[in-house]
Amino acid sequence: MTATLFSIRSQSGDIRSFLNQNNPLMPEEELQAFVKQFFREKSRYTACLDQHRTPLYLIDPDVLKKKSRLFQEAFGKELGNVSFYYAVKSNNHPDVARILLQTGVGLDVSSGMELEMAVSLNAPDVVFSGPGKTDEELKLAVEEADRLVVLIDSFSELSRLQKIAASQKKMVRIGVRLSTNPTGLWRKFGILVEELPQFLQKACDCRNLRFQGLQFHSSWNLTPDAQVDFLESLGRIIAQLPQQIQRQIQFVDIGGGFWPPQGEWLQEAGTQAGIRRMALGLHPGKNKKHYRLPALPIEEFARHISLAVKKHIFPHAPLCRICCEPGRWLCNDAMHILLSVVDKKGEDLVITDGGTNAVGWERFETDYFPVLNFSRPALTEKNCHILGSLCTPHDIWGYNYWGEDIQPGDILMIPTQGAYTYSLRQNFIKPLPEVFVLEEGARVGSSITKQLFSNQ
Ligand SMILES: Cc1ncc(COP(=O)(O)O)c(C=O)c1O
C-alpha cells in the first residue's frame, strides 16, 4: 500500500486532489427534465399492471422506431449509400428485432442462436460477426447464405467456411473483421491489418466464398475519435492493395459503439476518483451526487465519420457502401423495468420484488439511473437504499428515489434499461420478469393493448 501511495503521490503531486478529482456533475435541470417526462406518462407505463404483475420489462416500440429513424437520417444525410444492421446482442428480445426490422434495418448477429432468431423473423439482410464461430454455426450460415454476409474472424475460420460451403455446393458472401487493437483483450477479434493482403489472397483461392468487404468495431465511444482514427489507418492499408482487390471492396462496416446522446451517467463509485479511492481500499465517496460523461449527438458522429470515409476510404474504394451496426444507441431508451416495494426495513432502506438478475450485472453500483416512484411522484430525489430481493448485498437498484415518500406496495420504474441488461439477464434465485410491449402510438390516457411474451 505504501509503495502504491508513494507512486501515486509522485505522479500527481497532490494525493488529495488526485483522489478527489471527479468527472463532470450531471446537470440538475437535465435530470429533472428527464424524470418529468416519465412521471408525465406514468399511466402509459403502469396501465398494464391491471393484468400483469411486477417485476416487468416494458418495451416501447415508439422509442425504437424513433431512434432508428434518427440514426438512419443522421448517416443518410451525410453518406448516400449506407446500410444499418441492429446489433442483436445489445437486446436480444425478438420483439426488439422485429420492430426494428420494420424500420428498414438489417440484423447483426453474433451466434447461431441469434442467427436462428433472425431467420425466424425472416430478416432479409443479416451480417454474422464474432469470434470462434463453430462448424454448426457456419453450416447454418451457409444454409442461409442468400440473406447473409459472414464476417470472417480468422484464417482458420476462412478455411472451415470454404470447406462447409463446398460440401453444400453453395456460394457465400464474406467480409473480414480487422482488429482495431492488437494488444490486450481486444486482440481476440479479427485479423491484424498487416495480415489483410495475405488474407485476401487466401480468400481469392476459396472458390465458394466471395469476398466483398471489411469490418471493424470499437466500443464505448462517447465521441467518433476511435472510428475516425481507424478509418485513417484503414485508408492507408487499402491504398496499398492492388487495384483489382480495391474494386472488390463493396462495403466497409464500421461496427457499433455509438454512445447515446445523454452520455454516461455514473454514481460516485463509477467516476475516476471513486475508482481510485476504491483501489486504495477507501470508500468511493459519499457526496451522493450524480455524474455524467458527455457524449456527442449522432449527427456529429455521422459528420465526422463521413468526412473520414470521404477522405481516407472513397479515394481507394469508390464503389463501397458504409455499414453501421448500432446496438446500444437504438435500444437503450426503449426498455424500462417496473418494480414494487415489498418491504420497508427503515426510513432509508426498502426491498423490491425484482432483483438485479433482471439486468445481469451489478450495474447500479457504478451506473446511475433515477428510480422513479410512480405511486408518489415528486421532482425531488430522496436518499434511500433501493435494494432487490436476491440473497446478495450487491443487489442494488440505487441509493435514492424520486418521489415524496416510499412505502410498501409503491410502484417504481427504472427507465432506459434497454441495452446490455435484458440480454444479460440471469436465471439466479428469483424468476425473471415477464416482458410487456407497450402499444404503439399510444398517448397518455389511451388504452394499452395487452401483449405478453414468454421470457425464453
Ligand atoms: C461487432 C459488433 N458490432 C456492433 C456492436 C454493438 O455495439 P453497441 O451496442 O455499442 O453499438 C458490438 C458490441 O459489442 C459488436 O461487437
# chains A, B, ... in the order shown; residues from 1 in each chain; ligands from 1
call {"tool": "residues_around", "arguments": {"residues": "Ser340 in chain A", "least_positions_apart": "5", "cutoff": "10 Å", "atoms": "only C-alpha atoms", "output": "CSV table (one decimal) with N, CA and C atoms, in the first residue's frame"}}
result
chain,number,residue,atom,x,y,z
A,53,ARG,N,-48.2,-8.5,-13.4
A,53,ARG,CA,-47.5,-8.2,-12.1
A,53,ARG,C,-46.1,-7.7,-12.3
A,54,THR,N,-45.7,-6.9,-11.4
A,54,THR,CA,-44.3,-6.6,-11.3
A,54,THR,C,-43.5,-7.8,-10.8
A,55,PRO,N,-42.2,-7.9,-11.0
A,55,PRO,CA,-41.4,-7.1,-11.9
A,55,PRO,C,-41.7,-7.4,-13.3
A,56,LEU,N,-41.5,-6.3,-14.1
A,56,LEU,CA,-41.9,-6.4,-15.5
A,56,LEU,C,-41.0,-5.6,-16.4
A,351,ILE,N,-36.9,-2.9,0.1
A,351,ILE,CA,-36.6,-4.0,-0.8
A,351,ILE,C,-37.7,-4.1,-1.8
A,352,THR,N,-37.3,-4.4,-3.1
A,352,THR,CA,-38.2,-4.5,-4.2
A,352,THR,C,-38.5,-6.0,-4.5
A,353,ASP,N,-39.6,-6.2,-5.3
A,353,ASP,CA,-39.9,-7.6,-5.6
A,353,ASP,C,-38.9,-8.2,-6.7
A,354,GLY,N,-38.3,-7.3,-7.5
A,354,GLY,CA,-37.4,-7.8,-8.5
A,354,GLY,C,-36.0,-7.6,-8.1
A,373,ASN,N,-40.6,6.9,-8.3
A,373,ASN,CA,-41.7,6.3,-7.5
A,373,ASN,C,-43.0,6.8,-8.2
A,374,PHE,N,-43.6,5.9,-9.0
A,374,PHE,CA,-44.8,6.3,-9.7
A,374,PHE,C,-46.0,6.4,-8.8
A,375,SER,N,-45.9,5.8,-7.6
A,375,SER,CA,-47.1,5.9,-6.7
A,375,SER,C,-47.1,7.2,-5.9
A,388,GLY,N,-32.8,-4.9,-4.2
A,388,GLY,CA,-33.6,-6.0,-4.7
A,388,GLY,C,-33.8,-7.1,-3.7
A,407,GLN,N,-43.2,3.7,0.2
A,407,GLN,CA,-43.9,2.8,1.2
A,407,GLN,C,-44.1,1.4,0.5
A,408,PRO,N,-44.3,0.3,1.3
A,408,PRO,CA,-44.6,-1.0,0.7
A,408,PRO,C,-45.8,-0.9,-0.3
A,409,GLY,N,-45.7,-1.6,-1.4
A,409,GLY,CA,-46.8,-1.5,-2.4
A,409,GLY,C,-46.5,-0.5,-3.5
A,410,ASP,N,-45.6,0.5,-3.3
A,410,ASP,CA,-45.4,1.5,-4.3
A,410,ASP,C,-44.8,0.9,-5.5
A,411,ILE,N,-45.2,1.5,-6.7
A,411,ILE,CA,-44.7,1.0,-8.0
A,411,ILE,C,-43.5,1.9,-8.4
A,412,LEU,N,-42.4,1.3,-8.7
A,412,LEU,CA,-41.2,2.1,-9.1
A,412,LEU,C,-40.8,1.7,-10.5
A,413,MET,N,-40.2,2.7,-11.2
A,413,MET,CA,-39.7,2.4,-12.5
A,413,MET,C,-38.3,2.8,-12.7
call {"tool": "residues_around", "arguments": {"residues": "Trp220 in chain A", "least_positions_apart": "2", "cutoff": "7 Å", "atoms": "only C-alpha atoms", "output": "PyMOL selection string"}}
result
chain A and resi 222+257-259
call {"tool": "write_last_selection", "arguments": {"atoms": "C-alpha atoms", "output": "short mmCIF file (atom, residue, chain, number, x, y, z; two decimals), in the first residue's frame"}}
result
data_model
loop_
_atom_site.label_atom_id
_atom_site.label_comp_id
_atom_site.auth_asym_id
_atom_site.auth_seq_id
_atom_site.Cartn_x
_atom_site.Cartn_y
_atom_site.Cartn_z
CA LEU A 222 -18.58 8.97 -26.43
CA GLY A 257 -20.18 1.58 -30.29
CA PHE A 258 -22.17 4.82 -30.63
CA TRP A 259 -22.95 6.12 -27.17
#
call {"tool": "select_by_dssp", "arguments": {"residues": "range 49-163 of chain A", "states": "strand (DSSP E or B)", "output": "list in words"}}
result
Leu56, Tyr57, Leu58, Ile59, Val82, Ser83, Phe84, Tyr85, Tyr86, Ala87, Gly106, Leu107, Asp108, Val109, Val126, Val127, Phe128, Leu148, Val149, Val150, Leu151 and Ile152 of chain A
call {"tool": "write_last_selection", "arguments": {"atoms": "N, CA and C atoms", "output": "PDB file, in the first residue's frame"}}
result
ATOM      1  N   LEU A  56     -41.521  -6.336 -14.128  1.00  0.00           N
ATOM      2  CA  LEU A  56     -41.922  -6.401 -15.536  1.00  0.00           C
ATOM      3  C   LEU A  56     -40.951  -5.563 -16.378  1.00  0.00           C
ATOM      4  N   TYR A  57     -40.547  -6.128 -17.526  1.00  0.00           N
ATOM      5  CA  TYR A  57     -39.816  -5.305 -18.502  1.00  0.00           C
ATOM      6  C   TYR A  57     -40.866  -4.682 -19.419  1.00  0.00           C
ATOM      7  N   LEU A  58     -40.697  -3.423 -19.765  1.00  0.00           N
ATOM      8  CA  LEU A  58     -41.571  -2.768 -20.740  1.00  0.00           C
ATOM      9  C   LEU A  58     -40.758  -2.447 -21.982  1.00  0.00           C
ATOM     10  N   ILE A  59     -41.283  -2.829 -23.140  1.00  0.00           N
ATOM     11  CA  ILE A  59     -40.628  -2.426 -24.404  1.00  0.00           C
ATOM     12  C   ILE A  59     -41.468  -1.313 -25.017  1.00  0.00           C
ATOM     13  N   VAL A  82     -25.573   3.942 -47.496  1.00  0.00           N
ATOM     14  CA  VAL A  82     -25.232   3.439 -46.168  1.00  0.00           C
ATOM     15  C   VAL A  82     -26.290   2.434 -45.712  1.00  0.00           C
ATOM     16  N   SER A  83     -25.849   1.366 -45.069  1.00  0.00           N
ATOM     17  CA  SER A  83     -26.778   0.328 -44.586  1.00  0.00           C
ATOM     18  C   SER A  83     -26.630   0.190 -43.082  1.00  0.00           C
ATOM     19  N   PHE A  84     -27.712  -0.280 -42.456  1.00  0.00           N
ATOM     20  CA  PHE A  84     -27.746  -0.347 -40.990  1.00  0.00           C
ATOM     21  C   PHE A  84     -28.109  -1.759 -40.547  1.00  0.00           C
ATOM     22  N   TYR A  85     -27.406  -2.251 -39.557  1.00  0.00           N
ATOM     23  CA  TYR A  85     -27.651  -3.591 -39.013  1.00  0.00           C
ATOM     24  C   TYR A  85     -27.749  -3.458 -37.501  1.00  0.00           C
ATOM     25  N   TYR A  86     -28.908  -3.777 -36.953  1.00  0.00           N
ATOM     26  CA  TYR A  86     -29.087  -3.691 -35.496  1.00  0.00           C
ATOM     27  C   TYR A  86     -28.293  -4.821 -34.827  1.00  0.00           C
ATOM     28  N   ALA A  87     -27.440  -4.477 -33.861  1.00  0.00           N
ATOM     29  CA  ALA A  87     -26.630  -5.475 -33.142  1.00  0.00           C
ATOM     30  C   ALA A  87     -27.513  -6.175 -32.107  1.00  0.00           C
ATOM     31  N   GLY A 106     -31.190  -3.977 -41.176  1.00  0.00           N
ATOM     32  CA  GLY A 106     -30.892  -5.402 -41.156  1.00  0.00           C
ATOM     33  C   GLY A 106     -30.495  -5.802 -39.736  1.00  0.00           C
ATOM     34  N   LEU A 107     -30.022  -7.040 -39.586  1.00  0.00           N
ATOM     35  CA  LEU A 107     -29.605  -7.502 -38.258  1.00  0.00           C
ATOM     36  C   LEU A 107     -28.144  -7.912 -38.267  1.00  0.00           C
ATOM     37  N   ASP A 108     -27.453  -7.558 -37.176  1.00  0.00           N
ATOM     38  CA  ASP A 108     -26.080  -8.018 -36.952  1.00  0.00           C
ATOM     39  C   ASP A 108     -26.163  -9.090 -35.869  1.00  0.00           C
ATOM     40  N   VAL A 109     -25.858 -10.337 -36.249  1.00  0.00           N
ATOM     41  CA  VAL A 109     -25.940 -11.436 -35.274  1.00  0.00           C
ATOM     42  C   VAL A 109     -24.533 -11.922 -34.963  1.00  0.00           C
ATOM     43  N   VAL A 126     -28.678  -9.820 -43.287  1.00  0.00           N
ATOM     44  CA  VAL A 126     -28.063 -10.131 -41.989  1.00  0.00           C
ATOM     45  C   VAL A 126     -26.547 -10.151 -42.158  1.00  0.00           C
ATOM     46  N   VAL A 127     -25.822  -9.641 -41.159  1.00  0.00           N
ATOM     47  CA  VAL A 127     -24.377  -9.885 -41.108  1.00  0.00           C
ATOM     48  C   VAL A 127     -24.105 -10.745 -39.874  1.00  0.00           C
ATOM     49  N   PHE A 128     -23.162 -11.668 -40.032  1.00  0.00           N
ATOM     50  CA  PHE A 128     -22.845 -12.606 -38.950  1.00  0.00           C
ATOM     51  C   PHE A 128     -21.390 -12.376 -38.567  1.00  0.00           C
ATOM     52  N   LEU A 148     -27.375 -13.468 -46.071  1.00  0.00           N
ATOM     53  CA  LEU A 148     -26.338 -13.289 -45.065  1.00  0.00           C
ATOM     54  C   LEU A 148     -24.951 -12.992 -45.641  1.00  0.00           C
ATOM     55  N   VAL A 149     -24.208 -12.149 -44.934  1.00  0.00           N
ATOM     56  CA  VAL A 149     -22.771 -11.997 -45.195  1.00  0.00           C
ATOM     57  C   VAL A 149     -22.046 -12.462 -43.928  1.00  0.00           C
ATOM     58  N   VAL A 150     -21.087 -13.370 -44.094  1.00  0.00           N
ATOM     59  CA  VAL A 150     -20.317 -13.828 -42.926  1.00  0.00           C
ATOM     60  C   VAL A 150     -19.083 -12.941 -42.789  1.00  0.00           C
ATOM     61  N   LEU A 151     -18.931 -12.324 -41.624  1.00  0.00           N
ATOM     62  CA  LEU A 151     -17.738 -11.501 -41.368  1.00  0.00           C
ATOM     63  C   LEU A 151     -16.730 -12.407 -40.673  1.00  0.00           C
ATOM     64  N   ILE A 152     -15.745 -12.813 -41.460  1.00  0.00           N
ATOM     65  CA  ILE A 152     -14.788 -13.833 -41.028  1.00  0.00           C
ATOM     66  C   ILE A 152     -13.862 -13.242 -39.965  1.00  0.00           C
TER      67      ILE A 152
END
call {"tool": "residues_around", "arguments": {"residues": "Trp329 in chain A", "least_positions_apart": "6", "cutoff": "9 Å", "atoms": "only C-alpha atoms", "output": "number ranges by chain"}}
result
A: 67-68, 71, 256-261, 298, 419
call {"tool": "select_by_dssp", "arguments": {"residues": "range 103-294 of chain A", "states": "alpha helix (DSSP H)", "output": "PyMOL selection string"}}
result
chain A and resi 112-120+135-143+155-167+196-205+225-239+243-246+272-279
call {"tool": "closest_residue", "arguments": {"among": "A:Asn81, A:Ser423, A:Ser129, A:Ser179", "to": "His93 in chain A", "atoms": "only C-alpha atoms"}}
result
A:Ser423
call {"tool": "closest_residue", "arguments": {"among": "A:Ala302, A:Val88, A:Leu379, A:Ile238", "to": "ligand 1", "atoms": "only C-alpha atoms and all ligand atoms"}}
result
A:Val88
call {"tool": "atom_distance", "arguments": {"atom1": "CA of Val105 in chain A", "atom2": "CA of Val359 in chain A"}}
result
25.7 Å
call {"tool": "closest_residue", "arguments": {"among": "A:Ser110, A:Gln417, A:Asn23, A:Gln32", "to": "ligand 1", "atoms": "only C-alpha atoms and all ligand atoms"}}
result
A:Ser110
call {"tool": "residues_around", "arguments": {"residues": "Glu264 in chain A", "least_positions_apart": "2", "cutoff": "12 Å", "atoms": "only C-alpha atoms", "output": "count of residues only"}}
result
30
call {"tool": "closest_residue", "arguments": {"among": "A:Gly403, A:Cys206, A:Leu49, A:Leu101", "to": "Ile164 in chain A", "atoms": "only C-alpha atoms"}}
result
A:Cys206
call {"tool": "closest_residue", "arguments": {"among": "A:Cys391, A:Leu178, A:Cys320, A:Leu231", "to": "ligand 1", "atoms": "only C-alpha atoms and all ligand atoms"}}
result
A:Leu178
call {"tool": "atom_distance", "arguments": {"atom1": "CA of Ser111 in chain A", "atom2": "CA of Lys133 in chain A"}}
result
7.1 Å
call {"tool": "closest_residue", "arguments": {"among": "A:Cys324, A:Leu70, A:Ile337, A:Val371", "to": "ligand 1", "atoms": "only C-alpha atoms and all ligand atoms"}}
result
A:Cys324
call {"tool": "residues_around", "arguments": {"residues": "Val350 in chain A", "least_positions_apart": "2", "cutoff": "8 Å", "atoms": "only C-alpha atoms", "output": "ChimeraX atom specification"}}
result
/A:341-346,348,352,384-387
call {"tool": "atom_distance", "arguments": {"atom1": "CA of Gln426 in chain A", "atom2": "CA of Ala358 in chain A"}}
result
6.5 Å
